[in-house]
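Novice: My structure is in model-v6.csv, and what it holds is CSV, C-alpha atoms:
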chain,number,residue,atom,x,y,z
K,1,TYR,CA,-21.7,-26.6,-37.1
K,2,VAL,CA,-22.7,-23.3,-35.4
K,3,GLU,CA,-25.2,-21.9,-37.9
K,4,ASN,CA,-26.0,-18.7,-36.0
K,5,CYS,CA,-22.4,-17.6,-35.6
K,6,LEU,CA,-21.6,-14.0,-34.8
K,7,LEU,CA,-20.2,-12.2,-37.8
K,8,LEU,CA,-17.8,-9.2,-38.1
K,9,ASP,CA,-18.7,-7.2,-41.1
K,10,ASN,CA,-20.6,-10.3,-42.4
K,11,ARG,CA,-17.4,-12.4,-42.1
K,12,LYS,CA,-16.9,-15.4,-39.9
K,13,PHE,CA,-14.3,-15.3,-37.1
K,14,ASP,CA,-12.8,-17.4,-34.3
K,15,ILE,CA,-10.8,-16.5,-31.2
K,16,ARG,CA,-7.4,-18.0,-30.4
K,17,ALA,CA,-6.5,-18.0,-26.7
K,18,TRP,CA,-3.2,-19.1,-25.3
K,19,ILE,CA,-3.6,-21.2,-22.1
K,20,LEU,CA,-0.6,-21.8,-19.9
K,21,VAL,CA,-0.4,-24.5,-17.2
K,22,THR,CA,2.5,-23.9,-14.8
K,23,ASN,CA,1.5,-26.7,-12.4
K,24,TRP,CA,-0.8,-29.6,-12.7
K,25,ASN,CA,-1.2,-30.3,-9.0
K,26,PRO,CA,-2.3,-27.9,-7.6
K,27,LEU,CA,-3.8,-27.1,-11.0
K,28,THR,CA,-2.6,-23.5,-12.0
K,29,ILE,CA,-3.9,-22.0,-15.2
K,30,TRP,CA,-3.1,-18.7,-16.9
K,31,MET,CA,-4.4,-17.0,-20.1
K,32,TYR,CA,-2.8,-14.4,-22.3
K,33,GLU,CA,-4.6,-11.7,-24.3
K,34,PRO,CA,-6.5,-13.5,-27.1
K,35,TYR,CA,-6.6,-12.5,-30.7
K,36,ILE,CA,-9.3,-12.7,-33.4
K,37,ARG,CA,-8.9,-14.4,-36.8
K,38,ILE,CA,-11.3,-13.5,-39.5
K,39,CYS,CA,-12.2,-14.9,-42.9
K,40,VAL,CA,-11.4,-13.0,-46.0
K,41,GLU,CA,-14.7,-13.6,-47.8
K,42,GLU,CA,-18.3,-13.0,-46.5
K,43,HIS,CA,-20.0,-15.8,-44.7
K,44,SER,CA,-22.6,-17.9,-46.6
K,45,LEU,CA,-24.6,-21.0,-45.8
K,46,LYS,CA,-25.6,-21.7,-49.4
K,47,PRO,CA,-24.8,-25.3,-50.4
K,48,SER,CA,-22.6,-24.1,-53.2
K,49,ASP,CA,-20.4,-22.1,-50.7
K,50,LEU,CA,-19.9,-24.7,-48.0
K,51,ALA,CA,-16.7,-26.0,-49.6
K,52,ASN,CA,-15.3,-22.5,-49.8
K,53,GLN,CA,-12.5,-22.4,-47.1
K,54,PHE,CA,-12.2,-18.7,-47.4
K,55,LYS,CA,-15.7,-18.3,-46.1
K,56,HIS,CA,-15.7,-20.9,-43.3
K,57,LEU,CA,-12.2,-21.7,-42.0
K,58,CYS,CA,-10.6,-18.9,-40.0
K,59,ASN,CA,-7.1,-20.4,-39.7
K,60,ARG,CA,-4.4,-18.0,-40.7
K,61,CYS,CA,-2.6,-20.6,-42.8
K,62,VAL,CA,-5.8,-21.0,-44.9
K,63,GLN,CA,-6.8,-17.4,-45.2
K,64,ALA,CA,-3.3,-16.2,-46.1
K,65,LYS,CA,-3.6,-18.1,-49.4
K,66,ASN,CA,-6.2,-15.7,-50.6
K,67,GLU,CA,-4.9,-12.7,-52.6
K,68,GLU,CA,-7.1,-10.3,-50.7
K,69,TYR,CA,-5.8,-11.4,-47.3
K,70,ASP,CA,-5.0,-8.4,-45.1
K,71,ASP,CA,-3.3,-9.0,-41.7
K,72,ASP,CA,-3.7,-5.4,-40.5
K,73,ASP,CA,-5.4,-4.8,-37.1
K,74,GLU,CA,-8.3,-2.6,-38.4
K,75,GLU,CA,-12.0,-3.0,-38.8
K,76,GLU,CA,-12.2,-2.4,-42.5
K,77,GLY,CA,-10.7,-5.5,-44.3
K,78,GLY,CA,-8.3,-6.6,-41.5
K,79,CYS,CA,-8.2,-10.3,-41.0
K,80,MET,CA,-6.5,-10.4,-37.6
K,81,TRP,CA,-7.9,-8.2,-34.8
K,82,SER,CA,-6.8,-7.4,-31.3
K,83,VAL,CA,-9.2,-7.5,-28.4
K,84,GLU,CA,-9.3,-3.7,-28.4
K,85,THR,CA,-10.4,-3.6,-32.1
K,86,LEU,CA,-13.1,-6.2,-31.4
K,87,VAL,CA,-14.4,-4.2,-28.4
K,88,GLN,CA,-14.6,-1.1,-30.5
K,89,TYR,CA,-16.6,-3.0,-33.2
K,90,LEU,CA,-19.0,-4.5,-30.6
K,91,GLU,CA,-19.5,-1.1,-29.1
K,92,LYS,CA,-20.4,0.4,-32.4
K,93,HIS,CA,-22.7,-2.4,-33.7
K,94,HIS,CA,-24.1,-4.0,-30.5
K,95,GLY,CA,-23.5,-1.5,-27.7
K,96,ASP,CA,-21.6,-2.1,-24.4
K,97,GLY,CA,-18.5,-3.5,-26.1
K,98,GLU,CA,-16.7,-3.9,-22.8
K,99,GLY,CA,-19.5,-5.8,-21.2
K,100,LEU,CA,-20.0,-8.1,-24.1
K,101,TRP,CA,-16.2,-8.9,-24.3
K,102,LYS,CA,-16.2,-9.5,-20.5
K,103,LYS,CA,-19.0,-12.1,-21.0
K,104,ILE,CA,-17.1,-13.8,-23.8
K,105,ARG,CA,-13.8,-13.7,-21.9
K,106,ASN,CA,-15.4,-15.2,-18.8
K,107,GLN,CA,-16.8,-18.1,-20.8
K,108,ILE,CA,-13.4,-18.7,-22.4
K,109,MET,CA,-11.7,-18.8,-19.0
K,110,GLN,CA,-14.3,-21.2,-17.7
K,111,ILE,CA,-14.0,-23.6,-20.6
K,112,ALA,CA,-10.2,-23.5,-20.3
K,113,GLN,CA,-10.6,-24.4,-16.6
K,114,TYR,CA,-12.9,-27.3,-17.4
K,115,SER,CA,-10.6,-28.6,-20.2
K,116,MET,CA,-7.4,-28.6,-18.1
K,117,HIS,CA,-9.3,-30.2,-15.2
K,118,GLY,CA,-10.5,-32.9,-17.5
K,119,VAL,CA,-6.9,-34.1,-18.2
K,120,GLN,CA,-5.3,-33.4,-14.9
K,121,ASP,CA,-5.2,-37.0,-13.9
K,122,ILE,CA,-3.4,-38.3,-17.0
K,123,ILE,CA,-0.5,-35.8,-17.1
K,124,ASP,CA,2.6,-36.2,-15.0
K,125,ASN,CA,3.2,-33.2,-12.8
K,126,ARG,CA,6.9,-32.1,-13.1
K,127,PRO,CA,8.2,-29.1,-11.1
K,128,GLY,CA,9.6,-26.4,-13.3
K,129,CYS,CA,7.8,-27.6,-16.4
K,130,PHE,CA,4.8,-26.0,-18.2
K,131,GLU,CA,2.3,-26.7,-21.0
K,132,TRP,CA,1.3,-24.1,-23.5
K,133,PHE,CA,-2.0,-24.7,-25.3
K,134,GLY,CA,-3.9,-22.9,-28.0
K,135,LEU,CA,-7.7,-23.0,-27.6
K,136,ASP,CA,-10.0,-21.9,-30.5
K,137,PHE,CA,-13.5,-20.6,-29.9
K,138,MET,CA,-16.5,-19.4,-31.8
K,139,VAL,CA,-19.2,-17.0,-30.6
K,140,ASP,CA,-22.9,-17.2,-31.6
K,141,THR,CA,-25.4,-14.4,-32.0
K,142,ASP,CA,-26.4,-14.7,-28.4
K,143,PHE,CA,-22.7,-14.2,-27.4
K,144,ASN,CA,-22.4,-17.8,-26.2
K,145,VAL,CA,-18.9,-19.3,-26.6
K,146,TRP,CA,-18.3,-22.6,-28.3
K,147,THR,CA,-15.1,-24.6,-28.3
K,148,LEU,CA,-13.6,-25.6,-31.6
K,149,GLU,CA,-10.4,-27.4,-30.6
K,150,CYS,CA,-7.4,-27.5,-28.2
K,151,ASN,CA,-4.0,-27.4,-29.8
K,152,ILE,CA,-1.0,-28.8,-27.9
K,153,SER,CA,1.5,-27.0,-30.1
K,154,PRO,CA,0.0,-23.6,-31.0
K,155,ASP,CA,1.5,-21.5,-33.8
K,156,LEU,CA,3.7,-18.8,-32.2
K,157,SER,CA,5.0,-17.3,-35.5
K,158,ARG,CA,4.8,-13.6,-36.1
K,159,GLY,CA,4.2,-11.7,-39.3
K,160,THR,CA,1.0,-9.7,-38.5
K,161,GLU,CA,0.5,-6.5,-36.6
K,162,VAL,CA,-1.2,-8.3,-33.7
K,163,LEU,CA,1.2,-11.2,-33.4
K,164,ASP,CA,4.3,-9.0,-33.6
K,165,ARG,CA,3.1,-7.5,-30.4
K,166,LEU,CA,1.7,-10.5,-28.6
K,167,VAL,CA,4.3,-13.2,-29.2
K,168,PRO,CA,7.3,-11.4,-27.8
K,169,GLY,CA,5.4,-10.2,-24.8
K,170,ALA,CA,4.0,-13.7,-24.0
K,171,MET,CA,7.4,-15.3,-24.4
K,172,GLU,CA,9.3,-12.8,-22.2
K,173,GLU,CA,6.7,-12.9,-19.4
K,174,LEU,CA,6.6,-16.7,-19.6
K,175,TRP,CA,10.2,-17.0,-18.6
K,176,ASP,CA,9.8,-14.4,-15.9
K,177,MET,CA,6.9,-16.4,-14.4
K,178,LEU,CA,8.7,-19.7,-14.5
K,179,ILE,CA,11.7,-18.3,-12.7
K,180,MET,CA,9.9,-16.4,-10.0
K,181,GLY,CA,8.0,-18.2,-7.2
K,182,PRO,CA,4.3,-18.6,-6.6
K,183,ALA,CA,4.2,-15.6,-4.2
K,184,ALA,CA,5.7,-13.3,-6.9
K,185,ARG,CA,3.3,-14.7,-9.5
K,186,ASP,CA,0.3,-13.7,-7.3
K,187,LYS,CA,1.5,-10.1,-7.2
K,188,ARG,CA,1.7,-10.1,-11.0
K,189,ARG,CA,-1.8,-11.3,-11.6
K,190,HIS,CA,-3.3,-8.0,-10.6
K,191,ASP,CA,-0.7,-5.9,-12.5
K,192,PRO,CA,-2.2,-4.4,-15.7
K,193,GLU,CA,1.3,-4.2,-17.2
K,194,HIS,CA,1.4,-8.0,-17.4
K,195,CYS,CA,-1.0,-9.9,-19.7
K,196,TRP,CA,-0.8,-13.5,-18.3
K,197,ASP,CA,-4.0,-13.5,-16.2
K,198,LEU,CA,-4.5,-16.2,-13.6
K,199,VAL,CA,-7.6,-18.3,-14.6
K,200,PHE,CA,-7.6,-20.8,-11.8
K,201,ARG,CA,-5.5,-22.1,-9.0
K,202,GLY,CA,-6.9,-25.1,-7.1
K,203,LYS,CA,-5.9,-27.1,-4.1
K,204,GLU,CA,-3.5,-30.0,-4.2
K,205,VAL,CA,-5.3,-33.2,-5.0
K,206,LYS,CA,-4.2,-36.5,-3.4
K,207,ARG,CA,-2.7,-39.0,-5.8
K,208,GLU,CA,-5.3,-41.6,-4.9
K,209,SER,CA,-8.1,-39.3,-6.0
K,210,LEU,CA,-6.3,-38.7,-9.3
K,211,GLN,CA,-5.9,-42.4,-9.9
K,212,LYS,CA,-9.5,-42.9,-9.0
K,213,ARG,CA,-10.5,-40.3,-11.6
K,214,TYR,CA,-8.2,-41.9,-14.2
K,215,TRP,CA,-9.7,-45.4,-13.8
K,216,LEU,CA,-13.2,-44.0,-13.7
K,217,ARG,CA,-12.6,-42.4,-17.1
K,218,LYS,CA,-11.3,-45.7,-18.5
K,219,ASN,CA,-14.4,-47.5,-17.2
K,220,LEU,CA,-16.6,-44.8,-18.7
K,221,MET,CA,-15.0,-45.3,-22.1
K,222,THR,CA,-15.6,-49.0,-21.8
K,223,GLU,CA,-19.2,-48.5,-21.0
K,224,LEU,CA,-19.6,-46.1,-24.0
K,225,ARG,CA,-17.9,-48.5,-26.4
K,226,ALA,CA,-20.2,-51.3,-25.2
K,227,GLY,CA,-23.2,-49.1,-26.1
K,228,ARG,CA,-24.4,-48.6,-22.5
K,229,PRO,CA,-25.6,-45.1,-21.5
K,230,PHE,CA,-23.5,-43.5,-18.8
K,231,SER,CA,-23.2,-39.9,-17.6
K,232,MET,CA,-19.7,-38.5,-16.9
K,233,ARG,CA,-21.3,-35.8,-14.7
K,234,ASP,CA,-23.2,-38.5,-12.6
K,235,ALA,CA,-20.1,-40.6,-12.4
K,236,LEU,CA,-17.9,-37.8,-11.1
K,237,GLN,CA,-20.5,-36.6,-8.7
K,238,GLY,CA,-21.1,-40.1,-7.3
K,239,LYS,CA,-17.5,-41.3,-7.3
K,240,ILE,CA,-15.2,-38.4,-6.6
K,241,GLY,CA,-17.2,-36.3,-4.1
K,242,PRO,CA,-18.8,-32.9,-3.4
K,243,LEU,CA,-15.8,-30.8,-4.4
K,244,THR,CA,-15.9,-32.1,-8.0
K,245,ASN,CA,-19.7,-31.8,-7.9
K,246,ALA,CA,-19.4,-28.1,-7.0
K,247,PHE,CA,-16.7,-27.7,-9.7
K,248,LEU,CA,-18.8,-29.2,-12.4
K,249,CYS,CA,-21.8,-27.2,-11.4
K,250,GLY,CA,-19.7,-24.0,-11.5
K,251,GLU,CA,-20.8,-23.0,-7.9
K,252,THR,CA,-18.9,-20.4,-6.1
K,253,ALA,CA,-18.2,-20.4,-2.4
K,254,LYS,CA,-20.9,-17.8,-1.9
K,255,GLN,CA,-23.4,-19.8,-3.9
K,256,ARG,CA,-22.6,-23.0,-1.9
K,257,ALA,CA,-23.1,-21.1,1.4
K,258,GLU,CA,-26.4,-19.7,0.2
K,259,LYS,CA,-27.5,-23.2,-0.9
K,260,GLN,CA,-26.6,-24.6,2.6
K,261,LYS,CA,-28.6,-21.9,4.2
K,262,ARG,CA,-31.7,-22.7,2.1
K,263,ILE,CA,-31.3,-26.4,3.0
K,264,GLN,CA,-31.0,-25.6,6.7
K,265,ALA,CA,-34.1,-23.3,6.5
K,266,ARG,CA,-36.1,-26.1,4.8
K,267,LYS,CA,-35.0,-28.6,7.4
K,268,LYS,CA,-36.0,-26.2,10.2
K,269,ALA,CA,-39.4,-25.5,8.6
K,270,LEU,CA,-40.0,-29.3,8.2
K,271,ALA,CA,-39.1,-29.9,11.9
K,272,GLU,CA,-41.5,-27.1,13.0
K,273,LYS,CA,-44.3,-28.6,10.8
K,274,LYS,CA,-43.7,-32.0,12.4
K,275,LYS,CA,-44.0,-30.5,15.9
K,276,ARG,CA,-47.2,-28.7,15.0
K,277,LEU,CA,-48.7,-31.9,13.6
K,278,ALA,CA,-47.6,-33.9,16.7
K,279,ALA,CA,-49.1,-31.2,19.0
K,280,GLN,CA,-52.3,-31.2,16.9
K,281,GLU,CA,-52.6,-35.0,17.2
K,282,GLU,CA,-52.0,-34.9,20.9
K,283,SER,CA,-54.7,-32.3,21.4
K,284,GLU,CA,-57.1,-34.3,19.3
K,285,SER,CA,-56.4,-37.5,21.2
K,286,SER,CA,-56.8,-35.7,24.6
K,287,SER,CA,-60.2,-34.2,23.5
K,288,GLU,CA,-61.3,-37.7,22.4
K,289,GLU,CA,-60.4,-39.1,25.8
K,290,GLU,CA,-62.4,-36.3,27.6
K,291,SER,CA,-65.4,-37.0,25.4
K,292,ASP,CA,-65.2,-40.7,26.2
K,293,SER,CA,-65.0,-40.0,29.9
K,294,GLU,CA,-68.0,-37.7,29.7
K,295,VAL,CA,-70.0,-40.5,28.0
K,296,ASP,CA,-69.0,-43.0,30.7
K,297,ASP,CA,-70.2,-40.5,33.4
K,298,GLU,CA,-73.5,-40.1,31.8
K,299,GLU,CA,-74.0,-43.8,31.5
K,300,GLU,CA,-73.2,-44.3,35.2
K,301,GLU,CA,-75.7,-41.6,36.1
K,302,GLU,CA,-78.5,-43.2,34.0
K,303,GLU,CA,-77.8,-46.5,35.7
As structure tokens, please, write out the structure in this file.
Specialist:
Amino acid sequence: YVENCLLLDNRKFDIRAWILVTNWNPLTIWMYEPYIRICVEEHSLKPSDLANQFKHLCNRCVQAKNEEYDDDDEEEGGCMWSVETLVQYLEKHHGDGEGLWKKIRNQIMQIAQYSMHGVQDIIDNRPGCFEWFGLDFMVDTDFNVWTLECNISPDLSRGTEVLDRLVPGAMEELWDMLIMGPAARDKRRHDPEHCWDLVFRGKEVKRESLQKRYWLRKNLMTELRAGRPFSMRDALQGKIGPLTNAFLCGETAKQRAEKQKRIQARKKALAEKKKRLAAQEESESSSEEESDSEVDDEEEEEE
């Protein structure tokens, strides 16, 4: 349970983001404009209030049962906000609303990328097919994002001011994206009129690598069930290779290039240090030989 959850007007909230996968290999992930679901009653961690669903469960199907539920997109009393309303609230109460939302959004996109990458090896890739997920997130007081769950059949019903706008737009653009080719999709991702944003498009992975990842996962679960400690991160880094290692570490191409430069610089400095030590040892040995020869000359003269 996230105890230090961020509150909106002292009410708990979560974020629903629609994630679309149009291709599993190469993995291609899109995200639509998220929306915010808010509890009707004020948040409380008192033991007597923990069973109160209207304080702790943000699901619309739960909150709608409360007589005071208001589905308007407004700061005062509204229980379902758009991103625009959330940004205005953050700007008013925390400052830099756009910057804070960008931080939250980037974390959502990264988590979505990790989640889809984690199941890429167990889903059959069929051309022309797609998967539509609903990912739920919470935000803490430090604006860190936490995953609640991933729904394989998200609710696409309307009935609120926000959903009446989002659902039709998402559905219409979905069919357009599926009909057009990858080149046309690339043009759309920078078009502000279209809300399906490209989260990630990777390179095609060989079938052998996916099978290797699949069996690694099964072996990992066997190890865990047997009670033996095992690290998924270590397993992926050791068995799959540097690309997955970089993916898990979240390194960008620029960061990897800078890392390689630092490694080369350390190697160069180490090589120069070895040369200096070798030269120093050579000079010391030569000076010792000279002193030994001087001693021998002196002994010969004495004789």
Novice: Check the smallest atom-to-atom distance from each of K:Arg105, K:Lys55, K:Lys203, K:Lys92 to Leu27 of chain K using all atoms listed in the file, then report the winner.
Specialist: K:Lys203
Novice: Within 10 Å of segment 68-84 of chain K, counting only C-alpha atoms, which residues qualify if same-chain residues fewer than 4 places away don't, as a PyMOL selection string?
Specialist: chain K and resi 8-9+11+13-15+33-41+54+58+60+62-64+88-90+97-98+101+159-163+165-166
Novice: Using all atoms listed in the file, give me every residue within 12 Å of (8.6, -30.4, -16.9) in file coordinates, as a list in words.
Specialist: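 Taken together, the residues in range are Val21, Thr22, Asn23, Trp24, Ile123, Asp124, Asn125, Arg126, Pro127, Gly128, Cys129, Phe130, Glu131, Trp132 and Leu178 of chain K.
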Novice: What does the structure give for the distance between atom CA of Lys102 of chain K and atom CA of Ser44 of chain K, in Å to one decimal?
Specialist: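 The value is 28.2 Å.
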Novice: Atom CA of Ser157 of chain K and atom CA of Ile108 of chain K, how far apart in Å?
Specialist: 22.6 Å
Novice: Which is closer to Ile122 of chain K than all the others in K:Leu220, K:Ile19, K:Ile152, K:Leu210, using only C-alpha atoms?
Specialist: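 Closest to Ile122 of chain K, using only C-alpha atoms: K:Leu210.
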Novice: Separation of atom CA of Glu149 of chain K and atom CA of Met109 of chain K, in Å?
Specialist: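 We find that atom CA of Glu149 of chain K and atom CA of Met109 of chain K lie 14.5 Å from each other.
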Novice: For a quick check of understanding, using only C-alpha atoms, which of K:Ala51, K:Met177, K:Asn25, K:Asp121 has the smallest distance to Ser209 of chain K?
Specialist: K:Asp121
Novice: Quick one: of K:Asp197, K:Tyr214, K:Asn52, K:Lys65, who's nearest to Asn106 of chain K, counting only C-alpha atoms?
Specialist: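 Among the listed residues, K:Asp197 lies closest to Asn106 of chain K.
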